[in-house]
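The file query.txt contains compact mmCIF, N, CA and C atoms:
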```txt
# COMPACT_ATOMS: atom_id res chain seq x y z
N MET R 70 8.68 30.38 2.39
CA MET R 70 7.98 29.60 1.39
C MET R 70 8.60 28.21 1.19
N PRO R 71 9.92 28.07 1.22
CA PRO R 71 10.48 26.72 1.08
C PRO R 71 10.00 25.76 2.18
N GLU R 72 9.82 26.27 3.40
CA GLU R 72 9.33 25.42 4.49
C GLU R 72 7.93 24.90 4.17
N LEU R 73 7.08 25.76 3.65
CA LEU R 73 5.72 25.37 3.29
C LEU R 73 5.74 24.29 2.22
N ARG R 74 6.56 24.47 1.20
CA ARG R 74 6.67 23.48 0.12
C ARG R 74 7.17 22.13 0.66
N THR R 75 8.18 22.19 1.51
CA THR R 75 8.71 20.97 2.11
C THR R 75 7.64 20.25 2.91
N GLU R 76 6.90 21.01 3.70
CA GLU R 76 5.83 20.42 4.49
C GLU R 76 4.75 19.81 3.61
N MET R 77 4.42 20.47 2.53
CA MET R 77 3.40 19.95 1.62
C MET R 77 3.85 18.63 0.99
N VAL R 78 5.10 18.56 0.58
CA VAL R 78 5.62 17.33 -0.04
C VAL R 78 5.64 16.21 1.00
N ARG R 79 6.13 16.50 2.19
CA ARG R 79 6.17 15.48 3.23
C ARG R 79 4.77 15.04 3.64
N PHE R 80 3.85 15.99 3.69
CA PHE R 80 2.46 15.66 4.01
C PHE R 80 1.87 14.74 2.94
N ALA R 81 2.18 15.00 1.69
CA ALA R 81 1.71 14.15 0.59
C ALA R 81 2.31 12.75 0.68
N ILE R 82 3.58 12.66 1.04
CA ILE R 82 4.21 11.34 1.20
C ILE R 82 3.56 10.58 2.35
N ALA R 83 3.32 11.28 3.46
CA ALA R 83 2.61 10.65 4.58
C ALA R 83 1.21 10.21 4.13
N GLY R 84 0.60 11.02 3.28
CA GLY R 84 -0.72 10.69 2.76
C GLY R 84 -0.72 9.42 1.93
N VAL R 85 0.33 9.21 1.16
CA VAL R 85 0.43 7.98 0.36
C VAL R 85 0.56 6.77 1.30
N ALA R 86 1.37 6.91 2.34
CA ALA R 86 1.49 5.83 3.33
C ALA R 86 0.12 5.57 3.97
N GLY R 87 -0.58 6.64 4.32
CA GLY R 87 -1.91 6.51 4.89
C GLY R 87 -2.88 5.86 3.92
N LEU R 88 -2.78 6.21 2.65
CA LEU R 88 -3.63 5.63 1.62
C LEU R 88 -3.43 4.11 1.53
N LEU R 89 -2.18 3.68 1.57
CA LEU R 89 -1.89 2.25 1.51
C LEU R 89 -2.46 1.52 2.73
N VAL R 90 -2.32 2.11 3.91
CA VAL R 90 -2.91 1.52 5.12
C VAL R 90 -4.42 1.52 5.01
N ASP R 91 -4.97 2.62 4.54
CA ASP R 91 -6.42 2.75 4.37
C ASP R 91 -6.97 1.62 3.50
N ILE R 92 -6.36 1.41 2.37
CA ILE R 92 -6.81 0.38 1.44
C ILE R 92 -6.67 -1.01 2.05
N ALA R 93 -5.52 -1.27 2.67
CA ALA R 93 -5.28 -2.60 3.26
C ALA R 93 -6.28 -2.90 4.37
N VAL R 94 -6.51 -1.93 5.24
CA VAL R 94 -7.47 -2.15 6.34
C VAL R 94 -8.89 -2.27 5.80
N LEU R 95 -9.23 -1.47 4.80
CA LEU R 95 -10.57 -1.55 4.21
C LEU R 95 -10.84 -2.94 3.64
N TYR R 96 -9.92 -3.45 2.85
CA TYR R 96 -10.13 -4.77 2.25
C TYR R 96 -10.08 -5.86 3.32
N GLY R 97 -9.25 -5.69 4.34
CA GLY R 97 -9.23 -6.65 5.45
C GLY R 97 -10.54 -6.64 6.21
N ALA R 98 -11.05 -5.45 6.49
CA ALA R 98 -12.33 -5.32 7.20
C ALA R 98 -13.46 -5.90 6.35
N GLN R 99 -13.41 -5.65 5.06
CA GLN R 99 -14.43 -6.20 4.16
C GLN R 99 -14.39 -7.73 4.20
N ALA R 100 -13.21 -8.30 4.22
CA ALA R 100 -13.08 -9.77 4.27
C ALA R 100 -13.67 -10.33 5.57
N LEU R 101 -13.67 -9.50 6.62
CA LEU R 101 -14.24 -9.92 7.91
C LEU R 101 -15.74 -9.65 7.99
N GLY R 102 -16.30 -9.05 6.93
CA GLY R 102 -17.74 -8.88 6.87
C GLY R 102 -18.28 -7.52 7.26
N THR R 103 -17.45 -6.49 7.34
CA THR R 103 -17.94 -5.17 7.77
C THR R 103 -18.73 -4.44 6.70
N GLY R 104 -18.50 -4.75 5.45
CA GLY R 104 -19.11 -3.97 4.37
C GLY R 104 -18.20 -2.81 4.02
N TRP R 105 -18.47 -2.18 2.89
CA TRP R 105 -17.60 -1.11 2.40
C TRP R 105 -17.73 0.18 3.18
N TYR R 106 -18.86 0.44 3.81
CA TYR R 106 -19.04 1.71 4.51
C TYR R 106 -18.51 1.67 5.94
N LEU R 107 -18.86 0.67 6.71
CA LEU R 107 -18.30 0.54 8.06
C LEU R 107 -16.80 0.25 7.98
N GLY R 108 -16.42 -0.58 7.04
CA GLY R 108 -14.99 -0.87 6.85
C GLY R 108 -14.20 0.39 6.56
N ARG R 109 -14.82 1.32 5.86
CA ARG R 109 -14.16 2.58 5.53
C ARG R 109 -13.94 3.44 6.76
N VAL R 110 -14.86 3.42 7.69
CA VAL R 110 -14.68 4.16 8.95
C VAL R 110 -13.46 3.60 9.69
N LEU R 111 -13.37 2.28 9.78
CA LEU R 111 -12.24 1.65 10.46
C LEU R 111 -10.93 1.93 9.73
N SER R 112 -10.94 1.83 8.41
CA SER R 112 -9.71 2.05 7.65
C SER R 112 -9.28 3.51 7.73
N PHE R 113 -10.24 4.42 7.76
CA PHE R 113 -9.90 5.84 7.88
C PHE R 113 -9.21 6.11 9.22
N LEU R 114 -9.73 5.54 10.28
CA LEU R 114 -9.11 5.73 11.59
C LEU R 114 -7.69 5.18 11.63
N ALA R 115 -7.48 4.03 11.01
CA ALA R 115 -6.13 3.46 10.93
C ALA R 115 -5.20 4.38 10.13
N ALA R 116 -5.70 4.91 9.03
CA ALA R 116 -4.90 5.80 8.19
C ALA R 116 -4.58 7.11 8.93
N VAL R 117 -5.53 7.62 9.67
CA VAL R 117 -5.29 8.85 10.45
C VAL R 117 -4.18 8.61 11.47
N TYR R 118 -4.21 7.48 12.13
CA TYR R 118 -3.16 7.18 13.12
C TYR R 118 -1.78 7.12 12.45
N VAL R 119 -1.70 6.44 11.34
CA VAL R 119 -0.42 6.30 10.63
C VAL R 119 0.08 7.66 10.16
N THR R 120 -0.80 8.46 9.56
CA THR R 120 -0.35 9.76 9.07
C THR R 120 0.01 10.70 10.21
N TRP R 121 -0.68 10.59 11.33
CA TRP R 121 -0.31 11.42 12.49
C TRP R 121 1.11 11.10 12.93
N ARG R 122 1.42 9.81 13.04
CA ARG R 122 2.77 9.41 13.48
C ARG R 122 3.84 9.92 12.50
N ILE R 123 3.58 9.78 11.21
CA ILE R 123 4.55 10.23 10.20
C ILE R 123 4.66 11.75 10.21
N ASN R 124 3.52 12.43 10.20
CA ASN R 124 3.55 13.89 10.17
C ASN R 124 4.17 14.48 11.43
N ARG R 125 3.92 13.87 12.55
CA ARG R 125 4.50 14.34 13.81
C ARG R 125 6.02 14.20 13.78
N ARG R 126 6.48 13.10 13.23
CA ARG R 126 7.92 12.80 13.24
C ARG R 126 8.69 13.51 12.13
N TYR R 127 8.10 13.62 10.93
CA TYR R 127 8.85 14.13 9.78
C TYR R 127 8.33 15.44 9.20
N THR R 128 7.03 15.58 9.05
CA THR R 128 6.49 16.75 8.37
C THR R 128 6.53 17.99 9.24
N PHE R 129 6.05 17.86 10.46
CA PHE R 129 5.94 19.01 11.36
C PHE R 129 6.77 18.82 12.62
N GLN R 130 7.90 18.14 12.52
CA GLN R 130 8.70 17.81 13.70
C GLN R 130 9.10 19.04 14.50
N SER R 131 9.36 20.15 13.85
CA SER R 131 9.76 21.35 14.58
C SER R 131 8.59 22.01 15.29
N ARG R 132 7.38 21.58 14.96
CA ARG R 132 6.19 22.18 15.54
C ARG R 132 5.54 21.31 16.61
N ALA R 133 5.90 20.04 16.66
CA ALA R 133 5.29 19.12 17.63
C ALA R 133 5.70 19.54 19.04
N ALA R 134 4.71 19.72 19.88
CA ALA R 134 4.98 20.15 21.26
C ALA R 134 3.80 19.78 22.14
N GLY R 135 4.05 19.73 23.42
CA GLY R 135 2.98 19.45 24.37
C GLY R 135 2.71 17.97 24.50
N SER R 136 1.59 17.67 25.09
CA SER R 136 1.18 16.31 25.36
C SER R 136 0.90 15.55 24.06
N THR R 137 1.51 14.39 23.92
CA THR R 137 1.28 13.56 22.75
C THR R 137 -0.19 13.14 22.68
N TRP R 138 -0.75 12.81 23.83
CA TRP R 138 -2.15 12.40 23.90
C TRP R 138 -3.08 13.51 23.42
N GLN R 139 -2.86 14.72 23.90
CA GLN R 139 -3.68 15.86 23.45
C GLN R 139 -3.48 16.14 21.97
N GLU R 140 -2.25 16.01 21.51
CA GLU R 140 -1.97 16.23 20.10
C GLU R 140 -2.71 15.21 19.23
N TRP R 141 -2.73 13.96 19.68
CA TRP R 141 -3.45 12.92 18.93
C TRP R 141 -4.93 13.30 18.79
N TRP R 142 -5.55 13.72 19.88
CA TRP R 142 -6.98 14.08 19.82
C TRP R 142 -7.21 15.32 18.97
N ARG R 143 -6.29 16.27 19.02
CA ARG R 143 -6.39 17.45 18.14
C ARG R 143 -6.28 17.01 16.68
N TYR R 144 -5.32 16.13 16.41
CA TYR R 144 -5.11 15.65 15.05
C TYR R 144 -6.35 14.91 14.55
N LEU R 145 -6.87 14.00 15.36
CA LEU R 145 -8.05 13.24 14.97
C LEU R 145 -9.23 14.17 14.71
N SER R 146 -9.44 15.14 15.58
CA SER R 146 -10.56 16.06 15.37
C SER R 146 -10.33 16.95 14.15
N ALA R 147 -9.08 17.36 13.93
CA ALA R 147 -8.77 18.18 12.76
C ALA R 147 -8.99 17.40 11.46
N MET R 148 -8.65 16.12 11.48
CA MET R 148 -8.81 15.29 10.28
C MET R 148 -10.28 14.97 10.00
N ALA R 149 -11.13 15.21 10.97
CA ALA R 149 -12.56 14.93 10.78
C ALA R 149 -13.16 15.78 9.65
N GLY R 150 -12.71 17.03 9.52
CA GLY R 150 -13.20 17.88 8.44
C GLY R 150 -12.84 17.32 7.08
N GLY R 151 -11.57 17.02 6.91
CA GLY R 151 -11.13 16.40 5.66
C GLY R 151 -11.72 15.01 5.51
N GLY R 152 -11.92 14.34 6.64
CA GLY R 152 -12.52 13.00 6.62
C GLY R 152 -13.94 13.03 6.09
N ALA R 153 -14.68 14.08 6.43
CA ALA R 153 -16.05 14.21 5.91
C ALA R 153 -16.04 14.39 4.40
N VAL R 154 -15.13 15.23 3.91
CA VAL R 154 -14.98 15.42 2.46
C VAL R 154 -14.55 14.10 1.83
N ASN R 155 -13.58 13.45 2.47
CA ASN R 155 -13.05 12.18 2.00
C ASN R 155 -14.17 11.13 1.90
N TYR R 156 -14.94 10.98 2.96
CA TYR R 156 -16.00 9.97 3.00
C TYR R 156 -17.10 10.28 1.98
N ALA R 157 -17.40 11.55 1.80
CA ALA R 157 -18.42 11.93 0.81
C ALA R 157 -17.96 11.56 -0.60
N ALA R 158 -16.70 11.85 -0.91
CA ALA R 158 -16.17 11.49 -2.23
C ALA R 158 -16.13 9.97 -2.40
N TYR R 159 -15.69 9.29 -1.36
CA TYR R 159 -15.65 7.82 -1.37
C TYR R 159 -17.04 7.25 -1.66
N SER R 160 -18.04 7.72 -0.93
CA SER R 160 -19.41 7.23 -1.09
C SER R 160 -19.95 7.55 -2.48
N ALA R 161 -19.65 8.75 -2.97
CA ALA R 161 -20.12 9.15 -4.30
C ALA R 161 -19.56 8.21 -5.38
N VAL R 162 -18.28 7.88 -5.26
CA VAL R 162 -17.67 6.97 -6.24
C VAL R 162 -18.30 5.59 -6.14
N LEU R 163 -18.49 5.09 -4.91
CA LEU R 163 -19.12 3.77 -4.76
C LEU R 163 -20.51 3.73 -5.37
N LEU R 164 -21.25 4.82 -5.19
CA LEU R 164 -22.62 4.86 -5.71
C LEU R 164 -22.66 5.09 -7.23
N ALA R 165 -21.67 5.78 -7.76
CA ALA R 165 -21.68 6.14 -9.18
C ALA R 165 -21.18 5.02 -10.10
N LEU R 166 -20.28 4.20 -9.61
CA LEU R 166 -19.69 3.17 -10.46
C LEU R 166 -20.36 1.82 -10.21
N PRO R 167 -20.38 0.98 -11.23
CA PRO R 167 -20.95 -0.35 -11.04
C PRO R 167 -20.09 -1.16 -10.06
N ALA R 168 -20.74 -2.02 -9.31
CA ALA R 168 -20.03 -2.81 -8.30
C ALA R 168 -18.95 -3.67 -8.95
N ALA R 169 -17.76 -3.54 -8.43
CA ALA R 169 -16.62 -4.34 -8.86
C ALA R 169 -15.61 -4.35 -7.72
N ARG R 170 -14.79 -5.34 -7.66
CA ARG R 170 -13.82 -5.49 -6.56
C ARG R 170 -12.83 -4.33 -6.48
N TRP R 171 -12.52 -3.68 -7.60
CA TRP R 171 -11.55 -2.59 -7.64
C TRP R 171 -12.17 -1.23 -7.30
N VAL R 172 -13.47 -1.09 -7.34
CA VAL R 172 -14.13 0.21 -7.15
C VAL R 172 -13.81 0.82 -5.78
N PRO R 173 -13.86 0.09 -4.67
CA PRO R 173 -13.50 0.71 -3.38
C PRO R 173 -12.07 1.25 -3.35
N LEU R 174 -11.15 0.58 -4.02
CA LEU R 174 -9.77 1.07 -4.09
C LEU R 174 -9.74 2.45 -4.75
N PHE R 175 -10.42 2.57 -5.87
CA PHE R 175 -10.50 3.84 -6.58
C PHE R 175 -11.22 4.88 -5.72
N ALA R 176 -12.26 4.46 -5.02
CA ALA R 176 -13.04 5.37 -4.17
C ALA R 176 -12.20 5.91 -3.01
N VAL R 177 -11.38 5.06 -2.40
CA VAL R 177 -10.49 5.51 -1.31
C VAL R 177 -9.50 6.53 -1.84
N ALA R 178 -8.93 6.27 -3.01
CA ALA R 178 -7.97 7.20 -3.60
C ALA R 178 -8.65 8.55 -3.91
N ALA R 179 -9.84 8.50 -4.47
CA ALA R 179 -10.57 9.75 -4.78
C ALA R 179 -10.88 10.52 -3.50
N GLY R 180 -11.30 9.81 -2.47
CA GLY R 180 -11.58 10.46 -1.19
C GLY R 180 -10.34 11.09 -0.59
N SER R 181 -9.23 10.40 -0.68
CA SER R 181 -7.97 10.93 -0.12
C SER R 181 -7.55 12.21 -0.82
N VAL R 182 -7.65 12.22 -2.13
CA VAL R 182 -7.30 13.43 -2.88
C VAL R 182 -8.26 14.57 -2.52
N ALA R 183 -9.54 14.25 -2.41
CA ALA R 183 -10.54 15.27 -2.10
C ALA R 183 -10.32 15.92 -0.73
N GLY R 184 -9.91 15.13 0.25
CA GLY R 184 -9.75 15.66 1.61
C GLY R 184 -8.36 16.19 1.94
N MET R 185 -7.39 15.99 1.05
CA MET R 185 -6.00 16.32 1.37
C MET R 185 -5.77 17.80 1.69
N GLY R 186 -6.32 18.69 0.93
CA GLY R 186 -6.12 20.12 1.16
C GLY R 186 -6.65 20.56 2.51
N VAL R 187 -7.86 20.12 2.83
CA VAL R 187 -8.46 20.45 4.12
C VAL R 187 -7.60 19.89 5.25
N ASN R 188 -7.15 18.66 5.09
CA ASN R 188 -6.34 18.03 6.13
C ASN R 188 -4.99 18.71 6.31
N PHE R 189 -4.35 19.12 5.22
CA PHE R 189 -3.06 19.80 5.34
C PHE R 189 -3.22 21.11 6.10
N LEU R 190 -4.20 21.89 5.72
CA LEU R 190 -4.40 23.19 6.38
C LEU R 190 -4.74 23.02 7.86
N SER R 191 -5.59 22.06 8.17
CA SER R 191 -5.95 21.87 9.57
C SER R 191 -4.77 21.33 10.38
N ALA R 192 -3.95 20.47 9.78
CA ALA R 192 -2.77 19.96 10.49
C ALA R 192 -1.76 21.09 10.73
N ARG R 193 -1.52 21.86 9.71
CA ARG R 193 -0.49 22.92 9.81
C ARG R 193 -0.91 24.06 10.74
N TYR R 194 -2.16 24.47 10.63
CA TYR R 194 -2.58 25.66 11.37
C TYR R 194 -3.36 25.39 12.65
N PHE R 195 -3.75 24.15 12.88
CA PHE R 195 -4.48 23.83 14.11
C PHE R 195 -3.69 22.88 15.00
N VAL R 196 -3.26 21.76 14.45
CA VAL R 196 -2.60 20.75 15.27
C VAL R 196 -1.15 21.11 15.55
N PHE R 197 -0.41 21.47 14.50
CA PHE R 197 1.01 21.73 14.64
C PHE R 197 1.33 23.22 14.46
N LYS R 198 0.45 24.07 14.96
CA LYS R 198 0.69 25.51 14.84
C LYS R 198 1.86 25.91 15.73
N ARG R 199 2.50 26.97 15.38
CA ARG R 199 3.64 27.46 16.17
C ARG R 199 3.14 28.18 17.39
```
Structure re-expressed in structure tokens:
Amino acid sequence: MPELRTEMVRFAIAGVAGLLVDIAVLYGAQALGTGWYLGRVLSFLAAVYVTWRINRRYTFQSRAAGSTWQEWWRYLSAMAGGGAVNYAAYSAVLLALPAARWVPLFAVAAGSVAGMGVNFLSARYFVFKR
């Protein structure tokens, strides 16, 4: 049980790093004219890459094995489930709140929280399984 708790805490820390990247890339993409929805796809992919690197190195380091390339694709596909939950929550917040510059930031955070459980389970039991 202590290993599970440690992994959950480390996964959450990686998630915060991913959240910061997600927000930065989203606002950068928006400044380049992508809009909040396409920009979110790009920012999510950037966040997935960052969290994969952190989780591979720190959260699940004892479980990382095999081809790095294959692991990346497993991780990306595993995060797609949580990503769908994440994007749905993000979209719901954007649609529910009046347009304001801060709303996408709040929407990204809500999406991240919504998808975190799905992402942790898929990372632990699919990507970095023993």
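CA of Val196 (chain R) lies 9.7 Å from CA of Ala134 (chain R).
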Give me the box for region 85-104 of chain R as AutoDock Vina command-line options, namely the centre and edge lengths in Å to one decimal of a box along x, y and z that holds every listed atom plus 8 Å on each side.
```
--center_x -8.8 --center_y -0.6 --center_z 4.2 --size_x 36.6 --size_y 35.5 --size_z 23.6
```
Gap from atom C of Leu163 (chain R) to CA of Tyr106 (chain R) - Å, one decimal:
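Going from atom C of Leu163 (chain R) over to CA of Tyr106 (chain R), I get 10.2 Å.
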Members of region 125-157 of chain R assigned alpha helix (DSSP H) by DSSP, as an MDAnalysis selection string
chainID R and resid 137:157
Exercise: region 183-193 of chain R partners within 6.5 Å, only N, CA and C atoms, chain neighbours under 3 positions left out, as a list in words
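Residues meeting the cut-off are Ala147, Met148, Gly150, Gly151, Gly152, Val154, Asn155, Ala178, Ala179, Gly180, Val196, Phe197, Lys198 and Arg199 of chain R.
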Which polymer residues have any atom within 7 Å of an atom of region 77-80 of chain R, counting all atoms listed in the file, with same-chain residues fewer than 4 positions away left out, as a CSV table (one decimal) with N, CA and C atoms, in the frame of the given file?
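Output (selection34.csv):
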```csv
chain,number,residue,atom,x,y,z
R,72,GLU,N,9.8,26.3,3.4
R,72,GLU,CA,9.3,25.4,4.5
R,72,GLU,C,7.9,24.9,4.2
R,73,LEU,N,7.1,25.8,3.6
R,73,LEU,CA,5.7,25.4,3.3
R,73,LEU,C,5.7,24.3,2.2
R,84,GLY,N,0.6,11.0,3.3
R,84,GLY,CA,-0.7,10.7,2.8
R,84,GLY,C,-0.7,9.4,1.9
R,85,VAL,N,0.3,9.2,1.2
R,85,VAL,CA,0.4,8.0,0.4
R,85,VAL,C,0.6,6.8,1.3
R,124,ASN,N,3.5,12.4,10.2
R,124,ASN,CA,3.6,13.9,10.2
R,124,ASN,C,4.2,14.5,11.4
R,127,TYR,N,8.1,13.6,10.9
R,127,TYR,CA,8.8,14.1,9.8
R,127,TYR,C,8.3,15.4,9.2
R,128,THR,N,7.0,15.6,9.0
R,128,THR,CA,6.5,16.8,8.4
R,128,THR,C,6.5,18.0,9.2
```
Identify which of the residues R:Ala153, R:Val162, R:Leu107, R:Ala116 lies closest to Ile92 (chain R), counting only N, CA and C atoms when measuring atom-to-atom distances.
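Closest to Ile92 (chain R), using only N, CA and C atoms: R:Ala116.
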Long-range neighbours of Val117 (chain R) as a PyMOL selection string, 8 Å cut-off, all atoms listed in the file, 6 positions minimum in chain:
chain R and resi 87-88+90-91+111+123+144-145+148
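Remark: for Ala176 (chain R), the closest of the candidate residues R:Ala93, R:Leu114, R:Val119, R:Ala158 is R:Ala158 (distances computed over all atoms listed in the file).
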Between CA of Ala115 (chain R) and CA of Glu76 (chain R), measure the distance and give it in Å to one decimal.
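So the answer is 21.7 Å.
With distances restricted to only N, CA and C atoms, R:Thr120 is the closest residue to Ala86 (chain R) from R:Gln99, R:Thr120, R:Thr137, R:Ser112.
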Restricting the calculation to only N, CA and C atoms: of R:Ala165, R:Arg126, R:Tyr118, R:Tyr156, which residue gets closest to Ser181 (chain R)?
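The shortest atom-to-atom distance to Ser181 (chain R) comes from R:Tyr156.
For the set R:Leu166, R:Ala149, R:Ala81, R:Val110, the residue with the smallest atom-to-atom gap to Val94 (chain R) is R:Val110, counting only C-alpha atoms.
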Write region 168-177 of chain R as a PDB file, keeping the file's coordinate frame, completed to all heavy atoms.
```pdb
ATOM      1  N   ALA R 168     -20.740  -2.020  -9.310  1.00  0.00           N
ATOM      2  CA  ALA R 168     -20.030  -2.810  -8.300  1.00  0.00           C
ATOM      3  C   ALA R 168     -18.950  -3.670  -8.950  1.00  0.00           C
ATOM      4  O   ALA R 168     -19.203  -4.378  -9.918  1.00  0.00           O
ATOM      5  CB  ALA R 168     -21.029  -3.690  -7.557  1.00  0.00           C
ATOM      6  N   ALA R 169     -17.760  -3.540  -8.430  1.00  0.00           N
ATOM      7  CA  ALA R 169     -16.620  -4.340  -8.860  1.00  0.00           C
ATOM      8  C   ALA R 169     -15.610  -4.350  -7.720  1.00  0.00           C
ATOM      9  O   ALA R 169     -15.596  -3.438  -6.888  1.00  0.00           O
ATOM     10  CB  ALA R 169     -15.986  -3.766 -10.127  1.00  0.00           C
ATOM     11  N   ARG R 170     -14.790  -5.340  -7.660  1.00  0.00           N
ATOM     12  CA  ARG R 170     -13.820  -5.490  -6.560  1.00  0.00           C
ATOM     13  C   ARG R 170     -12.830  -4.330  -6.480  1.00  0.00           C
ATOM     14  O   ARG R 170     -12.334  -4.000  -5.419  1.00  0.00           O
ATOM     15  CB  ARG R 170     -13.087  -6.817  -6.767  1.00  0.00           C
ATOM     16  CG  ARG R 170     -12.324  -7.279  -5.610  1.00  0.00           C
ATOM     17  CD  ARG R 170     -13.225  -8.012  -4.616  1.00  0.00           C
ATOM     18  NE  ARG R 170     -12.395  -8.478  -3.530  1.00  0.00           N
ATOM     19  CZ  ARG R 170     -12.668  -8.295  -2.254  1.00  0.00           C
ATOM     20  NH1 ARG R 170     -13.778  -7.727  -1.891  1.00  0.00           N
ATOM     21  NH2 ARG R 170     -11.854  -8.716  -1.328  1.00  0.00           N
ATOM     22  N   TRP R 171     -12.520  -3.680  -7.600  1.00  0.00           N
ATOM     23  CA  TRP R 171     -11.550  -2.590  -7.640  1.00  0.00           C
ATOM     24  C   TRP R 171     -12.170  -1.230  -7.300  1.00  0.00           C
ATOM     25  O   TRP R 171     -11.443  -0.277  -7.009  1.00  0.00           O
ATOM     26  CB  TRP R 171     -10.887  -2.516  -9.008  1.00  0.00           C
ATOM     27  CG  TRP R 171     -11.878  -2.275 -10.122  1.00  0.00           C
ATOM     28  CD1 TRP R 171     -12.525  -3.224 -10.858  1.00  0.00           C
ATOM     29  CD2 TRP R 171     -12.373  -1.018 -10.575  1.00  0.00           C
ATOM     30  NE1 TRP R 171     -13.396  -2.638 -11.739  1.00  0.00           N
ATOM     31  CE2 TRP R 171     -13.317  -1.271 -11.593  1.00  0.00           C
ATOM     32  CE3 TRP R 171     -12.125   0.309 -10.231  1.00  0.00           C
ATOM     33  CZ2 TRP R 171     -13.995  -0.263 -12.263  1.00  0.00           C
ATOM     34  CZ3 TRP R 171     -12.800   1.318 -10.906  1.00  0.00           C
ATOM     35  CH2 TRP R 171     -13.732   1.027 -11.908  1.00  0.00           C
ATOM     36  N   VAL R 172     -13.470  -1.090  -7.340  1.00  0.00           N
ATOM     37  CA  VAL R 172     -14.130   0.210  -7.150  1.00  0.00           C
ATOM     38  C   VAL R 172     -13.810   0.820  -5.780  1.00  0.00           C
ATOM     39  O   VAL R 172     -13.481   2.017  -5.706  1.00  0.00           O
ATOM     40  CB  VAL R 172     -15.647   0.112  -7.411  1.00  0.00           C
ATOM     41  CG1 VAL R 172     -16.360   1.389  -6.987  1.00  0.00           C
ATOM     42  CG2 VAL R 172     -15.899  -0.164  -8.886  1.00  0.00           C
ATOM     43  N   PRO R 173     -13.860   0.090  -4.670  1.00  0.00           N
ATOM     44  CA  PRO R 173     -13.500   0.710  -3.380  1.00  0.00           C
ATOM     45  C   PRO R 173     -12.070   1.250  -3.350  1.00  0.00           C
ATOM     46  O   PRO R 173     -11.809   2.288  -2.739  1.00  0.00           O
ATOM     47  CB  PRO R 173     -13.702  -0.414  -2.371  1.00  0.00           C
ATOM     48  CG  PRO R 173     -14.723  -1.287  -3.009  1.00  0.00           C
ATOM     49  CD  PRO R 173     -14.402  -1.254  -4.478  1.00  0.00           C
ATOM     50  N   LEU R 174     -11.150   0.580  -4.020  1.00  0.00           N
ATOM     51  CA  LEU R 174      -9.770   1.070  -4.090  1.00  0.00           C
ATOM     52  C   LEU R 174      -9.740   2.450  -4.750  1.00  0.00           C
ATOM     53  O   LEU R 174      -9.122   3.381  -4.241  1.00  0.00           O
ATOM     54  CB  LEU R 174      -8.918   0.069  -4.880  1.00  0.00           C
ATOM     55  CG  LEU R 174      -7.452   0.399  -4.979  1.00  0.00           C
ATOM     56  CD1 LEU R 174      -6.634  -0.849  -4.726  1.00  0.00           C
ATOM     57  CD2 LEU R 174      -7.117   0.983  -6.327  1.00  0.00           C
ATOM     58  N   PHE R 175     -10.420   2.570  -5.870  1.00  0.00           N
ATOM     59  CA  PHE R 175     -10.500   3.840  -6.580  1.00  0.00           C
ATOM     60  C   PHE R 175     -11.220   4.880  -5.720  1.00  0.00           C
ATOM     61  O   PHE R 175     -10.838   6.050  -5.670  1.00  0.00           O
ATOM     62  CB  PHE R 175     -11.224   3.646  -7.916  1.00  0.00           C
ATOM     63  CG  PHE R 175     -11.336   4.896  -8.728  1.00  0.00           C
ATOM     64  CD1 PHE R 175     -10.232   5.452  -9.350  1.00  0.00           C
ATOM     65  CD2 PHE R 175     -12.561   5.536  -8.861  1.00  0.00           C
ATOM     66  CE1 PHE R 175     -10.332   6.625 -10.096  1.00  0.00           C
ATOM     67  CE2 PHE R 175     -12.675   6.702  -9.602  1.00  0.00           C
ATOM     68  CZ  PHE R 175     -11.552   7.250 -10.223  1.00  0.00           C
ATOM     69  N   ALA R 176     -12.260   4.460  -5.020  1.00  0.00           N
ATOM     70  CA  ALA R 176     -13.040   5.370  -4.170  1.00  0.00           C
ATOM     71  C   ALA R 176     -12.200   5.910  -3.010  1.00  0.00           C
ATOM     72  O   ALA R 176     -12.277   7.098  -2.677  1.00  0.00           O
ATOM     73  CB  ALA R 176     -14.285   4.666  -3.647  1.00  0.00           C
ATOM     74  N   VAL R 177     -11.380   5.060  -2.400  1.00  0.00           N
ATOM     75  CA  VAL R 177     -10.490   5.510  -1.310  1.00  0.00           C
ATOM     76  C   VAL R 177      -9.500   6.530  -1.840  1.00  0.00           C
ATOM     77  O   VAL R 177      -9.258   7.568  -1.216  1.00  0.00           O
ATOM     78  CB  VAL R 177      -9.742   4.312  -0.664  1.00  0.00           C
ATOM     79  CG1 VAL R 177      -8.655   4.797   0.281  1.00  0.00           C
ATOM     80  CG2 VAL R 177     -10.709   3.424   0.084  1.00  0.00           C
TER      81      VAL R 177
END
```
